[in-house]
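K.L.:
Handing you this structure, nothing more for now.
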Amino acid sequence: MRIAVLIPCYNEAVAIAKVVEDFRAALPHAEVWVFDNNSRDSTAEIATASGAHVRHVTLQGKGHVVRRQFADVDADVYVMVDGDDTYHAASAPQLVRCLLEGGHDMVVGVRKAQVEDAYRAGHVWGNRMLTGFLSWLFGRNCRDILTGYRAFSRRFVKSFPVLSSGFDIETELTVHALEMKMSVGEVETPYKERPEGSFSKLSTYKDGFRILRTMLRLFSAERPLVFFGGLGAGLAVVAVVLVVPVVFEFLATGLVPRLPTALFATGVMLAGLLSGTVGLILDTVTRGRHETKMLAYLNQSAPR
């Protein structure tokens, strides 16, 4: 069985050698690939000296790196991990075993902090909020949607159309699995603080809002009937609330003294009907996209 360890990197010269060595020890038969994303330090040189295959990605952003990783590397099982030495390499065999024995297409490494400083201020609360919101949107429970430590089957990787460009890629990975009704496993893994001299590239507020926006965008794209139908129903309720007093006045006096309100309510009702119609049309388009992705998924053999 071919196992590939995929490590996206940007300015991780401090940590990359240890990450490569630890994963080569944990999965001795795996190929370790480091995809360097325009690092300004010696990340690529150190990774090469440590025995990893190194590729360069010029488009800046983790999503672009993941797209190249999934396209360029051929394997039966993929383990993806950040190159910052915060994840537990010894848990990699457990992720692979869970993937194979559980018949999963994705196994998520659920982070368990070993020290108080493992997470930056506000990140624990933010992760819980975003994870809970995504679980509510798509109706399936998730425990850690933002983890950078995952294992994938070949079927997942080769049927996943990477659209994100930045740190919202983890959200897109999760939504793809949920919407394709794939089997997802979870394995708890230790999570530690970054080594001294290494710095996070994640912007707490900017990337947090970007992830939230990606959730809403994916929800409208994957569940258009629910999204636009719900919006249409809300507009219809507003229109009814506005027009009821006007109707009662007309029945009592035969006059429509609040003509602007009546016209506005009519416009809101038409907008609601249009929104519902858009949801119906996009739902048909979405079904076609799902069928195409499912055919790509079924075209790949399951790992054995």
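Identifiers in this document derive from the order of the structure tokens: chains are assigned A, B, ..., residues are numbered from 1 separately in each chain, and ligands are numbered from 1 in order of occurrence.
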With a distance cut-off of 7 Å and only C-alpha atoms, select the neighbouring residues of Ile3 in chain A, excluding the residue or stretch itself and same-chain residues fewer than 3 positions from it, and output the selection as a PyMOL selection string.
P.N.:
chain A and resi 30-31+75-78
K.L.:
DSSP says strand (DSSP E) for which residues of range 75-295 of chain A? Put them as a count of residues only?
P.N.:
24
K.L.:
Counting only C-alpha atoms, which residues of range 32-128 of chain A fall within 7 Å of range 23-27 of chain A, and what is the closest atom pair for each with its distance in Å at one decimal, ordered by chain and rising number, as CSV?
P.N.:
```
residue,atom,partner,partner_atom,distance
A:Ala89,CA,A:Phe23,CA,5.4
A:Ala90,CA,A:Ala26,CA,5.4
A:Ala92,CA,A:Ala26,CA,6.7
A:Pro93,CA,A:Leu27,CA,6.7
```
K.L.:
I need the residue nearest Asp105 in chain A from this list: A:Pro195, A:Gly83, A:Gly185, A:Gly288. Use only C-alpha atoms for the distance.
P.N.:
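Using only C-alpha atoms, Asp105 in chain A sits closest to A:Gly185.
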K.L.:
Taking 6 positions as the minimum chain separation for residues in the same chain, which residues sit within 8 Å of Thr214 in chain A when counting only C-alpha atoms? Answer as a list in words.
P.N.:
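That gives Asp168, Thr171 and Glu172 of chain A.
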K.L.:
Any idea what's packed within 8 Å of Glu170 in chain A, counting only C-alpha atoms, ignoring anything in its chain fewer than 2 positions away? Could you give it as an MDAnalysis selection string?
P.N.:
chainID A and resid 145:148 167:168 172:174
K.L.:
Would you put the residues from that selection into a file with N, CA and C atoms, as a PDB file, in the first residue's frame?
P.N.:
```pdb
ATOM      1  N   ILE A 145     -13.354  20.963  13.129  1.00  0.00           N
ATOM      2  CA  ILE A 145     -13.326  21.130  11.678  1.00  0.00           C
ATOM      3  C   ILE A 145     -12.084  21.862  11.193  1.00  0.00           C
ATOM      4  N   LEU A 146     -11.340  22.504  12.103  1.00  0.00           N
ATOM      5  CA  LEU A 146     -10.214  23.332  11.685  1.00  0.00           C
ATOM      6  C   LEU A 146      -8.867  22.646  11.877  1.00  0.00           C
ATOM      7  N   THR A 147      -8.849  21.399  12.289  1.00  0.00           N
ATOM      8  CA  THR A 147      -7.590  20.701  12.472  1.00  0.00           C
ATOM      9  C   THR A 147      -6.865  20.535  11.146  1.00  0.00           C
ATOM     10  N   GLY A 148      -5.534  20.619  11.192  1.00  0.00           N
ATOM     11  CA  GLY A 148      -4.734  20.427   9.988  1.00  0.00           C
ATOM     12  C   GLY A 148      -4.163  19.035   9.873  1.00  0.00           C
ATOM     13  N   PHE A 167      -6.889  29.461   4.456  1.00  0.00           N
ATOM     14  CA  PHE A 167      -7.065  28.570   5.599  1.00  0.00           C
ATOM     15  C   PHE A 167      -8.492  28.014   5.704  1.00  0.00           C
ATOM     16  N   ASP A 168      -9.398  28.490   4.855  1.00  0.00           N
ATOM     17  CA  ASP A 168     -10.746  27.923   4.851  1.00  0.00           C
ATOM     18  C   ASP A 168     -10.806  26.576   4.160  1.00  0.00           C
ATOM     19  N   GLU A 172     -13.787  23.434   3.805  1.00  0.00           N
ATOM     20  CA  GLU A 172     -14.225  22.851   2.534  1.00  0.00           C
ATOM     21  C   GLU A 172     -14.041  21.339   2.528  1.00  0.00           C
ATOM     22  N   LEU A 173     -12.960  20.850   3.107  1.00  0.00           N
ATOM     23  CA  LEU A 173     -12.739  19.409   3.209  1.00  0.00           C
ATOM     24  C   LEU A 173     -13.868  18.735   3.983  1.00  0.00           C
ATOM     25  N   THR A 174     -14.247  19.344   5.108  1.00  0.00           N
ATOM     26  CA  THR A 174     -15.305  18.777   5.939  1.00  0.00           C
ATOM     27  C   THR A 174     -16.643  18.796   5.224  1.00  0.00           C
TER      28      THR A 174
END
```
K.L.:
I'd like the neighbourhood of range 6-14 of chain A as a list in words, where a residue qualifies if any of its atoms comes within 7 Å (using only C-alpha atoms), though same-chain residues fewer than 3 positions away should be ignored.
P.N.:
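My list of contacting residues is Val32, Trp33, Val34, Phe35, Asp36, Asn37, Asn38, Ser39, Arg40, Asp41, Ser42, Thr43, Ile46, Val65, Gln69, Val79, Met80, Val81, Asp82, Gly83, Asp84, Gly197 and Ser198 of chain A.
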K.L.:
Determine which residues of range 15-247 of chain A DSSP labels as alpha helix (DSSP H) from the backbone of this structure, then write them out as a PyMOL selection string.
P.N.:
chain A and resi 16-26+43-49+62-72+92-101+123-138+154-158+169-179+204-222+224-247
K.L.:
Give me the residues within 12 Å of range 281-285 of chain A as a VMD selection string, counting only C-alpha atoms and dropping any in the same chain fewer than 6 places off.
P.N.:
chain A and resid 219 to 229 274 to 275 291 to 292
K.L.:
Got time to write the residues from that selection, N, CA and C atoms, as an mmCIF file, in the first residue's frame?
P.N.:
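Result went into out_23.cif, see below:
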```cif
data_model
loop_
_atom_site.group_PDB
_atom_site.id
_atom_site.type_symbol
_atom_site.label_atom_id
_atom_site.label_comp_id
_atom_site.auth_asym_id
_atom_site.auth_seq_id
_atom_site.Cartn_x
_atom_site.Cartn_y
_atom_site.Cartn_z
ATOM 1 N N PHE A 219 -22.816 26.428 2.213
ATOM 2 C CA PHE A 219 -24.175 26.023 2.546
ATOM 3 C C PHE A 219 -25.146 26.444 1.450
ATOM 4 N N SER A 220 -24.992 27.677 0.947
ATOM 5 C CA SER A 220 -25.878 28.130 -0.131
ATOM 6 C C SER A 220 -25.639 27.359 -1.416
ATOM 7 N N ALA A 221 -24.389 26.902 -1.624
ATOM 8 C CA ALA A 221 -24.076 26.148 -2.841
ATOM 9 C C ALA A 221 -24.520 24.696 -2.745
ATOM 10 N N GLU A 222 -24.379 24.098 -1.548
ATOM 11 C CA GLU A 222 -24.699 22.683 -1.392
ATOM 12 C C GLU A 222 -26.146 22.445 -0.987
ATOM 13 N N ARG A 223 -26.769 23.401 -0.322
ATOM 14 C CA ARG A 223 -28.172 23.285 0.084
ATOM 15 C C ARG A 223 -28.961 24.504 -0.406
ATOM 16 N N PRO A 224 -29.006 24.745 -1.713
ATOM 17 C CA PRO A 224 -29.643 25.977 -2.205
ATOM 18 C C PRO A 224 -31.138 26.049 -1.925
ATOM 19 N N LEU A 225 -31.816 24.904 -1.944
ATOM 20 C CA LEU A 225 -33.254 24.929 -1.696
ATOM 21 C C LEU A 225 -33.552 25.354 -0.265
ATOM 22 N N VAL A 226 -32.774 24.847 0.676
ATOM 23 C CA VAL A 226 -32.956 25.228 2.079
ATOM 24 C C VAL A 226 -32.574 26.689 2.280
ATOM 25 N N PHE A 227 -31.451 27.105 1.697
ATOM 26 C CA PHE A 227 -30.956 28.468 1.895
ATOM 27 C C PHE A 227 -31.895 29.498 1.266
ATOM 28 N N PHE A 228 -32.120 29.369 -0.036
ATOM 29 C CA PHE A 228 -32.941 30.358 -0.728
ATOM 30 C C PHE A 228 -34.424 30.172 -0.425
ATOM 31 N N GLY A 229 -34.847 28.917 -0.178
ATOM 32 C CA GLY A 229 -36.230 28.694 0.223
ATOM 33 C C GLY A 229 -36.528 29.303 1.580
ATOM 34 N N LEU A 274 -39.279 34.968 -5.897
ATOM 35 C CA LEU A 274 -38.104 34.835 -6.758
ATOM 36 C C LEU A 274 -37.009 34.042 -6.069
ATOM 37 N N SER A 275 -36.810 34.302 -4.772
ATOM 38 C CA SER A 275 -35.796 33.570 -4.016
ATOM 39 C C SER A 275 -36.116 32.073 -3.978
ATOM 40 N N GLU A 291 -23.827 14.410 -8.606
ATOM 41 C CA GLU A 291 -23.719 13.188 -9.403
ATOM 42 C C GLU A 291 -22.351 13.106 -10.077
ATOM 43 N N THR A 292 -21.861 14.236 -10.581
ATOM 44 C CA THR A 292 -20.544 14.245 -11.228
ATOM 45 C C THR A 292 -19.444 13.900 -10.233
#
```
K.L.:
Using only C-alpha atoms, determine which residues lie at most 9 Å from Arg155 in chain A, disregarding the query and same-chain residues fewer than 6 positions distant; provide the list as a PyMOL selection string.
P.N.:
chain A and resi 76+105+296-303
K.L.:
Store the residues of this selection in a file with N, CA and C atoms, as a PDB file, in the first residue's frame.
P.N.:
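File produced: selection_34.pdb:
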```pdb
ATOM      1  N   ASP A  76      -2.377   5.515  -2.219  1.00  0.00           N
ATOM      2  CA  ASP A  76      -3.626   4.870  -1.810  1.00  0.00           C
ATOM      3  C   ASP A  76      -4.210   5.530  -0.568  1.00  0.00           C
ATOM      4  N   ASP A 105     -13.474   7.447   4.528  1.00  0.00           N
ATOM      5  CA  ASP A 105     -12.820   8.202   3.461  1.00  0.00           C
ATOM      6  C   ASP A 105     -12.018   9.365   4.018  1.00  0.00           C
ATOM      7  N   ALA A 296     -16.911  10.551 -10.048  1.00  0.00           N
ATOM      8  CA  ALA A 296     -15.449  10.629  -9.885  1.00  0.00           C
ATOM      9  C   ALA A 296     -15.020   9.827  -8.663  1.00  0.00           C
ATOM     10  N   TYR A 297     -15.815   9.877  -7.600  1.00  0.00           N
ATOM     11  CA  TYR A 297     -15.536   9.127  -6.380  1.00  0.00           C
ATOM     12  C   TYR A 297     -15.578   7.612  -6.646  1.00  0.00           C
ATOM     13  N   LEU A 298     -16.601   7.158  -7.349  1.00  0.00           N
ATOM     14  CA  LEU A 298     -16.765   5.737  -7.617  1.00  0.00           C
ATOM     15  C   LEU A 298     -15.741   5.215  -8.627  1.00  0.00           C
ATOM     16  N   ASN A 299     -15.131   6.124  -9.370  1.00  0.00           N
ATOM     17  CA  ASN A 299     -14.128   5.721 -10.373  1.00  0.00           C
ATOM     18  C   ASN A 299     -12.819   5.309  -9.729  1.00  0.00           C
ATOM     19  N   GLN A 300     -12.654   5.611  -8.424  1.00  0.00           N
ATOM     20  CA  GLN A 300     -11.430   5.263  -7.703  1.00  0.00           C
ATOM     21  C   GLN A 300     -11.674   4.028  -6.833  1.00  0.00           C
ATOM     22  N   SER A 301     -10.675   3.200  -6.746  1.00  0.00           N
ATOM     23  CA  SER A 301     -10.818   1.987  -5.937  1.00  0.00           C
ATOM     24  C   SER A 301     -10.625   2.307  -4.460  1.00  0.00           C
ATOM     25  N   ALA A 302     -11.278   1.513  -3.623  1.00  0.00           N
ATOM     26  CA  ALA A 302     -11.160   1.680  -2.174  1.00  0.00           C
ATOM     27  C   ALA A 302      -9.826   1.143  -1.692  1.00  0.00           C
ATOM     28  N   PRO A 303      -9.227   1.748  -0.643  1.00  0.00           N
ATOM     29  CA  PRO A 303      -7.951   1.228  -0.126  1.00  0.00           C
ATOM     30  C   PRO A 303      -8.144  -0.133   0.521  1.00  0.00           C
TER      31      PRO A 303
END
```
K.L.:
What is the distance, in Å and to one decimal place, between CA of Glu196 in chain A and CA of Ala49 in chain A?
P.N.:
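Interatomic distance, CA of Glu196 in chain A to CA of Ala49 in chain A: 21.3 Å.
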K.L.:
What separation in Å, quoted to one decimal, exists between CA of Asp22 in chain A and CA of Leu99 in chain A?
P.N.:
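Spanning CA of Asp22 in chain A to CA of Leu99 in chain A is a straight-line distance of 20.4 Å.
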K.L.:
Which distance in Å separates CA of Met215 in chain A and CA of His290 in chain A, to one decimal?
P.N.:
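According to the coordinates, CA of Met215 in chain A and CA of His290 in chain A are separated by 17.8 Å.
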